[in-house]
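Here is my_file-v3.txt, consisting of compact mmCIF, C-alpha atoms:
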# COMPACT_ATOMS: atom_id res chain seq x y z
CA MET A 1 -7.72 6.01 34.67
CA ASP A 2 -8.25 5.04 31.02
CA ARG A 3 -11.06 7.62 30.77
CA ILE A 4 -8.69 10.31 31.99
CA LEU A 5 -6.07 9.25 29.46
CA LEU A 6 -8.64 9.19 26.67
CA LEU A 7 -9.82 12.67 27.67
CA PHE A 8 -6.22 13.90 27.64
CA TYR A 9 -5.75 12.38 24.16
CA GLN A 10 -8.93 14.12 22.93
CA ILE A 11 -7.87 17.49 24.31
CA LEU A 12 -4.43 17.11 22.77
CA PHE A 13 -5.89 16.19 19.39
CA TYR A 14 -8.16 19.25 19.43
CA PHE A 15 -5.21 21.42 20.47
CA ILE A 16 -3.04 20.33 17.52
CA GLN A 17 -5.76 20.79 14.87
CA PRO A 18 -4.30 24.12 13.66
CA LEU A 19 -0.97 22.36 13.08
CA ILE A 20 -2.71 19.55 11.18
CA LEU A 21 -4.51 22.06 8.96
CA LEU A 22 -1.26 23.94 8.39
CA ARG A 23 0.37 20.68 7.35
CA LEU A 24 -2.43 20.05 4.85
CA LEU A 25 -1.90 23.52 3.40
CA LEU A 26 1.84 23.00 3.12
CA ARG A 27 1.39 19.63 1.42
CA SER A 28 -1.14 21.20 -0.93
CA LEU A 29 1.59 23.44 -2.34
CA LYS A 30 2.90 20.38 -4.18
CA ALA A 31 -0.30 18.30 -4.20
CA PRO A 32 -3.38 20.60 -4.56
CA ASP A 33 -5.78 17.73 -3.71
CA TYR A 34 -4.84 18.23 -0.06
CA ARG A 35 -6.86 21.47 -0.14
CA GLN A 36 -10.05 19.68 -1.10
CA ARG A 37 -12.79 17.82 0.79
CA TRP A 38 -11.84 19.14 4.24
CA ALA A 39 -15.42 18.69 5.45
CA GLU A 40 -15.05 14.91 5.09
CA ARG A 41 -12.05 15.03 7.43
CA TYR A 42 -14.43 16.25 10.14
CA GLY A 43 -17.18 13.70 9.54
CA TYR A 44 -19.40 15.65 7.15
CA CYS A 45 -20.23 13.17 4.41
CA SER A 46 -24.02 13.43 4.00
CA GLY A 47 -25.16 12.07 0.65
CA LYS A 48 -21.79 10.46 -0.07
CA VAL A 49 -22.33 7.19 1.79
CA ALA A 50 -25.11 4.64 2.30
CA PRO A 51 -25.90 3.36 5.82
CA GLY A 52 -26.16 -0.18 7.08
CA GLY A 53 -23.33 -1.86 5.20
CA ILE A 54 -19.64 -2.62 5.54
CA MET A 55 -16.97 0.01 6.10
CA LEU A 56 -13.35 -0.65 5.17
CA HIS A 57 -10.50 1.75 5.92
CA ALA A 58 -7.22 1.74 3.95
CA VAL A 59 -5.04 4.67 4.90
CA SER A 60 -3.22 5.12 1.57
CA VAL A 61 -2.12 3.46 -1.67
CA GLY A 62 -0.34 0.39 -0.30
CA GLU A 63 -3.20 -0.60 1.99
CA THR A 64 -5.76 0.13 -0.74
CA VAL A 65 -4.01 -2.12 -3.25
CA ALA A 66 -3.90 -4.92 -0.67
CA ALA A 67 -7.59 -4.37 0.10
CA VAL A 68 -8.86 -4.52 -3.50
CA PRO A 69 -9.23 -8.35 -3.67
CA LEU A 70 -11.00 -8.31 -0.28
CA VAL A 71 -13.35 -5.53 -1.37
CA ARG A 72 -14.21 -7.34 -4.60
CA ALA A 73 -14.87 -10.55 -2.65
CA LEU A 74 -17.14 -8.69 -0.21
CA ILE A 75 -19.06 -7.12 -3.10
CA TYR A 76 -19.54 -10.56 -4.63
CA HIS A 77 -20.56 -12.38 -1.44
CA TYR A 78 -22.66 -9.54 0.05
CA PRO A 79 -24.12 -7.71 -2.98
CA HIS A 80 -27.05 -6.39 -0.92
CA LEU A 81 -24.77 -4.54 1.53
CA PRO A 82 -23.39 -1.09 0.64
CA LEU A 83 -19.63 -0.88 1.03
CA THR A 84 -17.86 2.32 2.06
CA VAL A 85 -14.09 2.53 1.58
CA THR A 86 -12.25 5.30 3.43
CA THR A 87 -8.69 6.58 3.05
CA MET A 88 -6.63 9.40 4.55
CA THR A 89 -4.64 10.59 1.53
CA PRO A 90 -5.54 11.92 -1.93
CA THR A 91 -3.39 9.22 -3.55
CA GLY A 92 -5.28 6.56 -1.62
CA SER A 93 -8.52 8.20 -2.69
CA GLU A 94 -7.47 8.20 -6.34
CA CYS A 95 -6.46 4.56 -6.05
CA VAL A 96 -9.90 3.62 -4.67
CA LEU A 97 -11.68 5.45 -7.48
CA SER A 98 -9.36 3.95 -10.11
CA ALA A 99 -9.56 0.35 -8.88
CA LEU A 100 -13.14 0.17 -7.58
CA GLY A 101 -14.96 3.05 -9.24
CA LYS A 102 -18.71 3.14 -8.65
CA ASP A 103 -18.79 -0.27 -6.96
CA VAL A 104 -18.17 1.37 -3.57
CA TYR A 105 -18.86 4.59 -1.70
CA HIS A 106 -15.77 6.57 -0.88
CA VAL A 107 -14.91 9.38 1.57
CA TYR A 108 -11.98 10.32 3.77
CA LEU A 109 -11.94 8.85 7.26
CA PRO A 110 -12.46 11.76 9.67
CA TYR A 111 -9.81 12.84 12.12
CA ASP A 112 -10.01 10.99 15.43
CA LEU A 113 -12.07 13.65 17.21
CA PRO A 114 -15.17 12.62 19.20
CA GLY A 115 -17.55 14.92 17.31
CA ALA A 116 -16.17 14.05 13.88
CA VAL A 117 -16.26 10.32 14.59
CA LYS A 118 -19.84 10.57 15.89
CA ARG A 119 -21.03 12.47 12.80
CA PHE A 120 -19.34 9.98 10.53
CA LEU A 121 -20.72 6.86 12.24
CA ASP A 122 -24.20 8.36 12.43
CA GLN A 123 -24.20 8.57 8.64
CA VAL A 124 -22.38 5.34 7.74
CA ASP A 125 -23.94 3.23 10.54
CA PRO A 126 -21.96 0.11 9.55
CA LYS A 127 -22.72 -3.47 10.50
CA LEU A 128 -18.97 -4.20 10.44
CA VAL A 129 -15.80 -2.09 10.26
CA ILE A 130 -12.59 -3.48 8.75
CA ILE A 131 -9.33 -1.57 9.11
CA MET A 132 -6.40 -2.59 6.94
CA GLU A 133 -3.06 -3.22 8.61
CA THR A 134 -2.54 -1.26 11.85
CA GLU A 135 -4.40 2.05 11.99
CA LEU A 136 -5.28 2.39 15.67
CA TRP A 137 -7.49 5.41 16.39
CA PRO A 138 -8.64 5.42 20.05
CA ASN A 139 -11.80 7.50 19.64
CA LEU A 140 -12.96 5.48 16.63
CA ILE A 141 -12.28 2.19 18.42
CA ASN A 142 -14.05 3.43 21.54
CA ALA A 143 -17.09 4.70 19.58
CA LEU A 144 -17.46 1.41 17.72
CA TYR A 145 -17.22 -0.51 20.99
CA GLN A 146 -19.94 1.64 22.58
CA ARG A 147 -22.21 1.14 19.56
CA HIS A 148 -21.60 -2.64 19.57
CA ILE A 149 -20.22 -2.52 16.03
CA PRO A 150 -17.62 -5.26 15.47
CA LEU A 151 -14.17 -4.05 14.45
CA VAL A 152 -11.72 -6.31 12.62
CA ILE A 153 -8.13 -5.28 11.93
CA ALA A 154 -7.21 -7.16 8.74
CA ASN A 155 -3.74 -7.92 7.43
CA ALA A 156 -2.37 -6.52 10.68
CA ARG A 157 1.34 -6.10 11.23
CA LEU A 158 3.31 -4.63 14.09
CA SER A 159 6.99 -4.01 13.53
CA ALA A 160 9.44 -4.08 16.43
CA ARG A 161 9.82 -0.32 16.04
CA SER A 162 6.07 0.34 16.27
CA ALA A 163 5.68 -2.09 19.17
CA ALA A 164 8.38 -0.22 21.10
CA ARG A 165 6.51 3.06 20.60
CA TYR A 166 3.19 1.58 21.75
CA LYS A 167 4.84 0.06 24.82
CA LYS A 168 5.68 3.55 26.08
CA ILE A 169 1.94 4.17 26.46
CA SER A 170 1.01 0.54 26.98
CA TYR A 171 -1.52 1.09 29.76
CA PHE A 172 -3.59 3.43 27.60
CA PHE A 173 -3.37 1.26 24.50
CA ARG A 174 -4.01 -1.99 26.37
CA ASN A 175 -7.51 -0.77 27.24
CA ILE A 176 -8.12 0.48 23.71
CA LEU A 177 -6.84 -2.69 22.04
CA GLN A 178 -9.05 -4.90 24.18
CA ARG A 179 -12.09 -3.22 22.59
CA ILE A 180 -11.16 -4.53 19.14
CA THR A 181 -13.23 -7.57 18.14
CA LEU A 182 -10.58 -9.42 16.15
CA ILE A 183 -7.09 -8.84 14.75
CA ALA A 184 -6.05 -10.97 11.77
CA VAL A 185 -2.25 -10.78 11.81
CA GLN A 186 0.21 -11.54 9.02
CA ASN A 187 2.56 -13.82 10.96
CA GLN A 188 3.40 -15.23 14.39
CA GLU A 189 5.97 -12.53 15.16
CA ASP A 190 3.32 -9.84 14.74
CA CYS A 191 0.95 -11.91 16.86
CA ASP A 192 3.48 -12.17 19.70
CA ARG A 193 4.08 -8.40 19.67
CA PHE A 194 0.34 -7.73 19.99
CA VAL A 195 0.15 -10.14 22.94
CA GLU A 196 2.99 -8.23 24.63
CA LEU A 197 0.89 -5.06 24.29
CA GLY A 198 -1.98 -6.69 26.16
CA LEU A 199 -4.10 -8.36 23.49
CA LYS A 200 -5.88 -11.56 24.45
CA HIS A 201 -5.05 -14.67 22.43
CA SER A 202 -8.78 -14.98 21.67
CA GLN A 203 -8.59 -11.67 19.79
CA LEU A 204 -5.77 -12.79 17.49
CA ILE A 205 -5.62 -15.12 14.50
CA VAL A 206 -2.68 -15.58 12.14
CA THR A 207 -3.90 -15.52 8.52
CA SER A 208 -0.74 -14.69 6.53
CA SER A 209 -0.67 -11.53 4.41
CA LEU A 210 -3.45 -10.46 2.07
CA LYS A 211 -0.74 -9.02 -0.15
CA PHE A 212 -0.06 -12.57 -1.35
CA ASP A 213 -3.62 -12.83 -2.67
CA ILE A 214 -3.09 -10.81 -5.81
CA SER A 215 -3.61 -12.11 -9.32
CA ILE A 216 -3.23 -10.91 -12.87
CA THR A 217 -6.63 -10.77 -14.55
CA PRO A 218 -6.95 -11.68 -18.25
CA GLU A 219 -7.88 -8.06 -18.97
CA LEU A 220 -4.72 -6.79 -17.25
CA ALA A 221 -2.58 -9.39 -19.02
CA ASN A 222 -3.93 -8.23 -22.38
CA ARG A 223 -3.18 -4.61 -21.52
CA THR A 224 0.41 -5.44 -20.58
CA VAL A 225 0.97 -7.27 -23.87
CA LEU A 226 -0.38 -4.30 -25.81
CA LEU A 227 1.67 -1.77 -23.84
CA ARG A 228 4.85 -3.79 -24.28
CA GLN A 229 4.26 -3.94 -28.03
CA GLN A 230 3.70 -0.18 -28.12
CA TRP A 231 6.58 0.86 -25.87
CA ALA A 232 9.40 -1.61 -26.24
CA PRO A 233 8.86 -4.56 -28.60
CA HIS A 234 12.61 -5.01 -29.09
CA ARG A 235 14.08 -3.36 -25.97
CA LEU A 236 15.05 -4.42 -22.48
CA VAL A 237 13.05 -2.68 -19.75
CA TRP A 238 13.58 -2.34 -16.01
CA ILE A 239 11.35 -0.57 -13.55
CA ALA A 240 12.01 1.24 -10.26
CA THR A 241 8.89 1.90 -8.21
CA SER A 242 7.80 3.63 -5.00
CA THR A 243 11.06 5.58 -4.85
CA HIS A 244 11.82 8.13 -2.14
CA ASP A 245 14.08 11.13 -1.78
CA GLY A 246 17.68 9.96 -2.13
CA GLU A 247 16.87 6.94 -4.29
CA GLU A 248 16.30 8.59 -7.67
CA ARG A 249 19.88 9.89 -7.63
CA ILE A 250 21.17 6.31 -7.23
CA LEU A 251 18.81 4.93 -9.86
CA LEU A 252 19.65 7.58 -12.43
CA ALA A 253 23.36 7.02 -11.86
CA ALA A 254 22.80 3.30 -12.36
CA GLN A 255 20.84 3.90 -15.56
CA ARG A 256 23.66 6.10 -16.89
CA ARG A 257 26.19 3.34 -16.36
CA LEU A 258 23.92 0.60 -17.69
CA LEU A 259 23.31 2.55 -20.89
CA GLU A 260 27.03 2.25 -21.66
CA LYS A 261 26.57 -1.51 -22.18
CA TYR A 262 22.89 -1.49 -23.08
CA PRO A 263 22.27 1.72 -25.08
CA ASN A 264 18.70 0.64 -25.81
CA LEU A 265 17.76 0.02 -22.15
CA LEU A 266 14.56 1.70 -20.93
CA LEU A 267 13.99 2.64 -17.28
CA ILE A 268 10.47 3.22 -15.91
CA LEU A 269 10.84 5.43 -12.82
CA VAL A 270 7.84 5.73 -10.49
CA PRO A 271 8.21 7.94 -7.37
CA ARG A 272 6.11 6.94 -4.37
CA GLN A 273 4.41 10.30 -3.84
CA PRO A 274 2.77 12.37 -6.60
CA GLU A 275 4.27 15.59 -5.22
CA ARG A 276 7.67 14.14 -6.12
CA PHE A 277 6.84 13.53 -9.80
CA PRO A 278 8.22 16.97 -10.78
CA THR A 279 11.39 16.25 -8.78
CA ALA A 280 12.03 13.07 -10.74
CA GLN A 281 11.39 14.95 -13.98
CA ASN A 282 13.80 17.76 -13.07
CA MET A 283 16.49 15.30 -11.99
CA SER A 284 16.17 13.37 -15.25
CA LYS A 285 16.32 16.59 -17.24
CA LYS A 286 19.38 17.93 -15.40
CA ALA A 287 21.17 14.61 -15.84
CA GLY A 288 20.69 14.89 -19.59
CA PHE A 289 18.38 11.91 -20.09
CA SER A 290 15.82 11.70 -22.85
CA TYR A 291 12.56 11.14 -20.99
CA ILE A 292 8.79 11.29 -21.30
CA LEU A 293 5.96 11.39 -18.77
CA ARG A 294 3.49 8.51 -18.65
CA SER A 295 0.68 11.04 -18.22
CA SER A 296 1.52 12.63 -21.59
CA GLY A 297 0.23 9.59 -23.44
CA GLU A 298 3.33 9.61 -25.64
CA ILE A 299 4.87 6.37 -26.87
CA PRO A 300 8.60 6.11 -26.08
CA SER A 301 10.79 6.55 -29.12
CA ASP A 302 13.96 4.54 -29.71
CA ASN A 303 15.84 7.43 -28.11
CA THR A 304 13.72 7.59 -24.94
CA GLN A 305 15.83 6.44 -21.98
CA ILE A 306 13.37 7.01 -19.11
CA VAL A 307 9.59 6.96 -18.68
CA ILE A 308 8.51 8.76 -15.51
CA GLY A 309 5.43 7.01 -14.13
CA ASP A 310 3.45 10.04 -12.96
CA THR A 311 0.04 8.36 -12.83
CA ILE A 312 -1.83 6.63 -10.00
CA GLY A 313 -3.03 3.02 -9.99
CA GLU A 314 -0.92 1.72 -12.87
CA LEU A 315 1.88 -0.12 -11.09
CA MET A 316 0.48 -3.56 -11.86
CA LEU A 317 0.27 -2.63 -15.53
CA LEU A 318 3.80 -1.22 -15.66
CA TYR A 319 5.38 -4.19 -13.85
CA GLY A 320 4.04 -6.38 -16.65
CA ILE A 321 6.31 -4.88 -19.31
CA ALA A 322 9.57 -5.05 -17.33
CA GLU A 323 12.33 -7.65 -17.18
CA LEU A 324 13.08 -6.86 -13.53
CA ALA A 325 11.96 -4.52 -10.76
CA PHE A 326 13.60 -2.45 -8.05
CA ILE A 327 11.25 -1.66 -5.14
CA GLY A 328 11.92 1.67 -3.42
CA GLY A 329 11.83 2.92 0.13
CA SER A 330 14.54 0.35 0.75
CA LEU A 331 17.79 2.12 -0.14
CA VAL A 332 16.78 4.81 2.36
CA ASN A 333 15.46 4.14 5.84
CA ARG A 334 11.75 3.99 4.99
CA GLY A 335 11.16 0.26 5.41
CA GLY A 336 10.48 -0.64 1.79
CA HIS A 337 7.28 -1.25 -0.16
CA ASN A 338 5.40 -4.26 -1.48
CA PRO A 339 7.56 -6.55 -3.67
CA LEU A 340 4.78 -9.03 -4.42
CA GLU A 341 3.13 -7.05 -7.23
CA ALA A 342 6.34 -7.49 -9.23
CA ALA A 343 6.62 -11.14 -8.16
CA ALA A 344 3.17 -11.78 -9.64
CA TYR A 345 4.75 -11.33 -13.07
CA ALA A 346 7.58 -13.77 -12.29
CA ILE A 347 10.27 -11.13 -12.67
CA PRO A 348 13.31 -10.72 -10.37
CA VAL A 349 12.89 -8.32 -7.45
CA LEU A 350 15.66 -6.04 -6.15
CA MET A 351 15.51 -4.07 -2.91
CA GLY A 352 17.84 -2.19 -0.60
CA PRO A 353 18.67 -3.26 2.96
CA TYR A 354 15.77 -1.37 4.63
CA THR A 355 12.81 -3.75 4.33
CA PHE A 356 11.41 -3.81 7.87
CA ASN A 357 7.87 -2.93 6.69
CA PHE A 358 7.86 -6.20 4.73
CA ASN A 359 10.26 -8.19 6.84
CA ASP A 360 8.46 -11.53 6.69
CA ILE A 361 7.72 -11.30 2.97
CA CYS A 362 11.28 -10.29 2.11
CA LYS A 363 12.71 -13.10 4.24
CA LYS A 364 10.61 -15.60 2.31
CA LEU A 365 11.67 -14.14 -1.03
CA SER A 366 15.35 -14.01 -0.09
CA LYS A 367 15.36 -17.59 1.20
CA ALA A 368 13.81 -18.79 -2.05
CA LYS A 369 16.27 -16.78 -4.18
CA GLY A 370 13.51 -14.52 -5.45
CA LEU A 371 14.94 -11.28 -4.02
CA ILE A 372 18.31 -9.65 -4.59
CA THR A 373 19.54 -7.13 -2.00
CA VAL A 374 21.56 -4.12 -3.18
CA SER A 375 23.01 -1.26 -1.15
CA ASP A 376 24.28 1.46 -3.52
CA THR A 377 24.82 2.40 -7.16
CA GLU A 378 27.69 -0.04 -7.61
CA SER A 379 25.84 -3.10 -6.30
CA LEU A 380 22.65 -2.10 -8.14
CA VAL A 381 24.48 -1.83 -11.47
CA LYS A 382 26.18 -5.20 -10.97
CA ALA A 383 22.90 -6.92 -10.03
CA VAL A 384 20.90 -5.45 -12.92
CA GLU A 385 23.70 -6.15 -15.41
CA LEU A 386 23.93 -9.78 -14.38
CA LEU A 387 20.18 -10.20 -14.75
CA LEU A 388 20.19 -8.57 -18.17
CA ILE A 389 23.14 -10.64 -19.43
CA ASP A 390 21.87 -14.05 -18.32
CA LYS A 391 18.30 -14.76 -19.37
CA ASP A 392 18.16 -18.09 -17.50
CA TYR A 393 19.43 -16.46 -14.29
CA ARG A 394 16.79 -13.76 -14.68
CA ARG A 395 14.08 -16.32 -15.37
CA ASN A 396 14.99 -18.43 -12.34
CA TYR A 397 14.89 -15.48 -9.93
CA GLY A 398 11.52 -14.44 -11.35
CA LEU A 399 10.05 -17.93 -11.07
CA HIS A 400 11.27 -18.26 -7.48
CA ALA A 401 9.60 -14.96 -6.58
CA ALA A 402 6.34 -16.10 -8.19
CA GLU A 403 6.50 -19.45 -6.34
CA VAL A 404 6.74 -17.66 -3.00
CA LEU A 405 3.69 -15.60 -3.94
CA HIS A 406 1.59 -18.62 -4.92
CA GLN A 407 2.71 -20.84 -2.03
CA ASN A 408 1.56 -18.29 0.55
CA GLN A 409 -1.85 -17.44 -0.85
CA GLY A 410 -5.02 -18.20 1.09
CA ALA A 411 -5.29 -15.31 3.56
CA LEU A 412 -8.27 -13.86 1.69
CA GLN A 413 -10.44 -16.96 2.01
CA HIS A 414 -9.41 -17.38 5.64
CA LEU A 415 -10.36 -13.77 6.39
CA LEU A 416 -13.74 -14.10 4.64
CA GLN A 417 -14.53 -17.06 6.90
CA LEU A 418 -13.57 -15.01 9.97
CA LEU A 419 -15.91 -12.21 8.92
CA GLU A 420 -18.96 -14.46 8.47
CA PRO A 421 -20.18 -14.32 12.12
CA TYR A 422 -20.51 -10.53 11.90
CA LEU A 423 -22.47 -10.38 8.63
CA PRO A 424 -25.67 -11.82 7.11
CA PRO A 425 -25.36 -15.14 5.22
CA ARG A 426 -23.15 -14.66 2.19
CA ARG A 427 -23.69 -15.72 -1.39
CA HIS A 428 -21.55 -18.75 -2.31
Here is the file; what I need is its structure written in the form of structure tokens.
Amino acid sequence: MDRILLLFYQILFYFIQPLILLRLLLRSLKAPDYRQRWAERYGYCSGKVAPGGIMLHAVSVGETVAAVPLVRALIYHYPHLPLTVTTMTPTGSECVLSALGKDVYHVYLPYDLPGAVKRFLDQVDPKLVIIMETELWPNLINALYQRHIPLVIANARLSARSAARYKKISYFFRNILQRITLIAVQNQEDCDRFVELGLKHSQLIVTSSLKFDISITPELANRTVLLRQQWAPHRLVWIATSTHDGEERILLAAQRRLLEKYPNLLLILVPRQPERFPTAQNMSKKAGFSYILRSSGEIPSDNTQIVIGDTIGELMLLYGIAELAFIGGSLVNRGGHNPLEAAAYAIPVLMGPYTFNFNDICKKLSKAKGLITVSDTESLVKAVELLLIDKDYRRNYGLHAAEVLHQNQGALQHLLQLLEPYLPPRRH
């Protein structure tokens, strides 16, 4: 029966390819990179990868950022093994190249078609495949199982919403999931949801989240000091990152009201998707703000009210010059984005009510008084104003956020130990 279901899935995936290509074309109208490297999406990557190493897949920016410490650790412990990092989006691709450069091979992961997957695996021929979070592609999982290549899902999470969707096709996915070698989950709730889908307890280990295992390097710390001196040596700065449609309007309205009390306040506004950079610029212009683009290389003047962060891979740098951070995707029903990068700088974190993508992390932060929840312009203005007025209050919230980060670290070392049986002896 599972073979019939897999065949049906394959036929359906082939059938919808014209729609997928049309979607790429439509997205390329705002982000031209979607028109490039289509051959890689069908498994043609000859000369771009080296066989016989480790393959790690991170679908986009968030997963890539979480994977960077793991990739660097793998490079250090297994320097003789080539490492191929795959993504699905141009922004993820740019993040890989920015963070890891020539230390890894990089291509897009092909679409989950039997022929494309076969071509890809023939060329990469990995000893081990690691997939970040929960990207479950049946044909890829099946092909790895048939080739006896171990597959580890790292930093796995399964929200109640996603679990409900998988349950609707539970028979099909139960067979697929049982072909995964190991799933390292972020918390016990995620573990329980995987068990309900048919995973064996022997396939699951709770490791906490890799997102806690971030650190500020001395080089990055020096860059933040320099940027702060250049941009705002005597100004208060707040940052709003990973924003989605519907959030910029609220943030700009909040900045307008905050400027009435703090005329020298600088907002750094960073939309989640590059195709929305022009939207943020147009909204700022229409609202009458004085703004600059980060990509312009300009230094904000005393009159600059907003810097639009229209570059990739600089969030950790930009967080370092702010007094507090709002994390987007949370005032609209998108589930929120990673608050821990801001917490690493011991600054207060603000988010909206929609944080289901980071439910466990946000619960920890809220309980420790390291996260402030806002719901609209009014509550956002009040929260930011209180943090700006009271330096001790601001400092305490930031320190609590940083404590949560440091107290929950250790997933990286745990995961490296779990990977040892599938790889040659590592360098210690």
Using only C-alpha atoms - which residues lie no farther than 8 Å from the point (9.8, 12.6, -16.0) in the file's frame? Write them as a compact mmCIF listing (two decimals) with C-alpha atoms, keeping the file's coordinate frame.
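point.txt, written as the output of this step:
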# COMPACT_ATOMS: atom_id res chain seq x y z
CA LEU A 269 10.84 5.43 -12.82
CA PHE A 277 6.84 13.53 -9.80
CA PRO A 278 8.22 16.97 -10.78
CA ALA A 280 12.03 13.07 -10.74
CA GLN A 281 11.39 14.95 -13.98
CA ASN A 282 13.80 17.76 -13.07
CA SER A 284 16.17 13.37 -15.25
CA LYS A 285 16.32 16.59 -17.24
CA TYR A 291 12.56 11.14 -20.99
CA ILE A 292 8.79 11.29 -21.30
CA LEU A 293 5.96 11.39 -18.77
CA ARG A 294 3.49 8.51 -18.65
CA ILE A 306 13.37 7.01 -19.11
CA VAL A 307 9.59 6.96 -18.68
CA ILE A 308 8.51 8.76 -15.51
CA GLY A 309 5.43 7.01 -14.13
CA ASP A 310 3.45 10.04 -12.96
Inset, instruction - For Val332 in chain A, please output as a PyMOL selection string all residues within 9 Å (counting only C-alpha atoms; exclusion window: fewer than 4 positions along the same chain). - result: chain A and resi 244-247+328+336+352-354
Legend entry - Near-Phe289 in chain A list (10 Å; all atoms listed in the file; drop same-chain fewer than 6 positions) as a ChimeraX atom specification: /A:252,255-256,281,283,303-306
Inset, instruction - Please identify all polymer residues within 8 Å of Phe194 in chain A, counting only C-alpha atoms, omitting same-chain residues fewer than 4 positions from it, and present them as a PyMOL selection string. - result: chain A and resi 158+163+190+198-199
Legend entry - Point-to-point distance in Å for CA of Gly43 in chain A and CA of Arg119 in chain A: 5.2 Å
Mind running range 269-335 of chain A against range 214-228 of chain A at 8 Å and telling me each contacting residue's nearest atom pair with the distance in Å (one decimal), counting only C-alpha atoms, chain and number ascending, as CSV?
residue,atom,partner,partner_atom,distance
A:Leu317,CA,A:Thr224,CA,5.8
A:Leu318,CA,A:Thr224,CA,7.3
A:Gly320,CA,A:Thr224,CA,5.4
A:Ile321,CA,A:Arg228,CA,5.3
Selected residues written out with C-alpha atoms, as a compact mmCIF listing (two decimals), in the coordinates of the input:
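See part.txt below for the written result:
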# COMPACT_ATOMS: atom_id res chain seq x y z
CA LEU A 317 0.27 -2.63 -15.53
CA LEU A 318 3.80 -1.22 -15.66
CA GLY A 320 4.04 -6.38 -16.65
CA ILE A 321 6.31 -4.88 -19.31
Inset, instruction - For CA of Gly313 in chain A and CA of Glu298 in chain A, determine how far apart the two atoms are, in Å to one decimal place. - result: 18.1 Å
Inset, instruction - For the point (-20.1, -9.4, 10.7) in the file's frame, write as number ranges by chain all residues with an atom no more than 12 Å away, counting all atoms listed in the file. - result: A: 52-55, 74, 78, 81, 126-130, 148-152, 181-182, 415-426
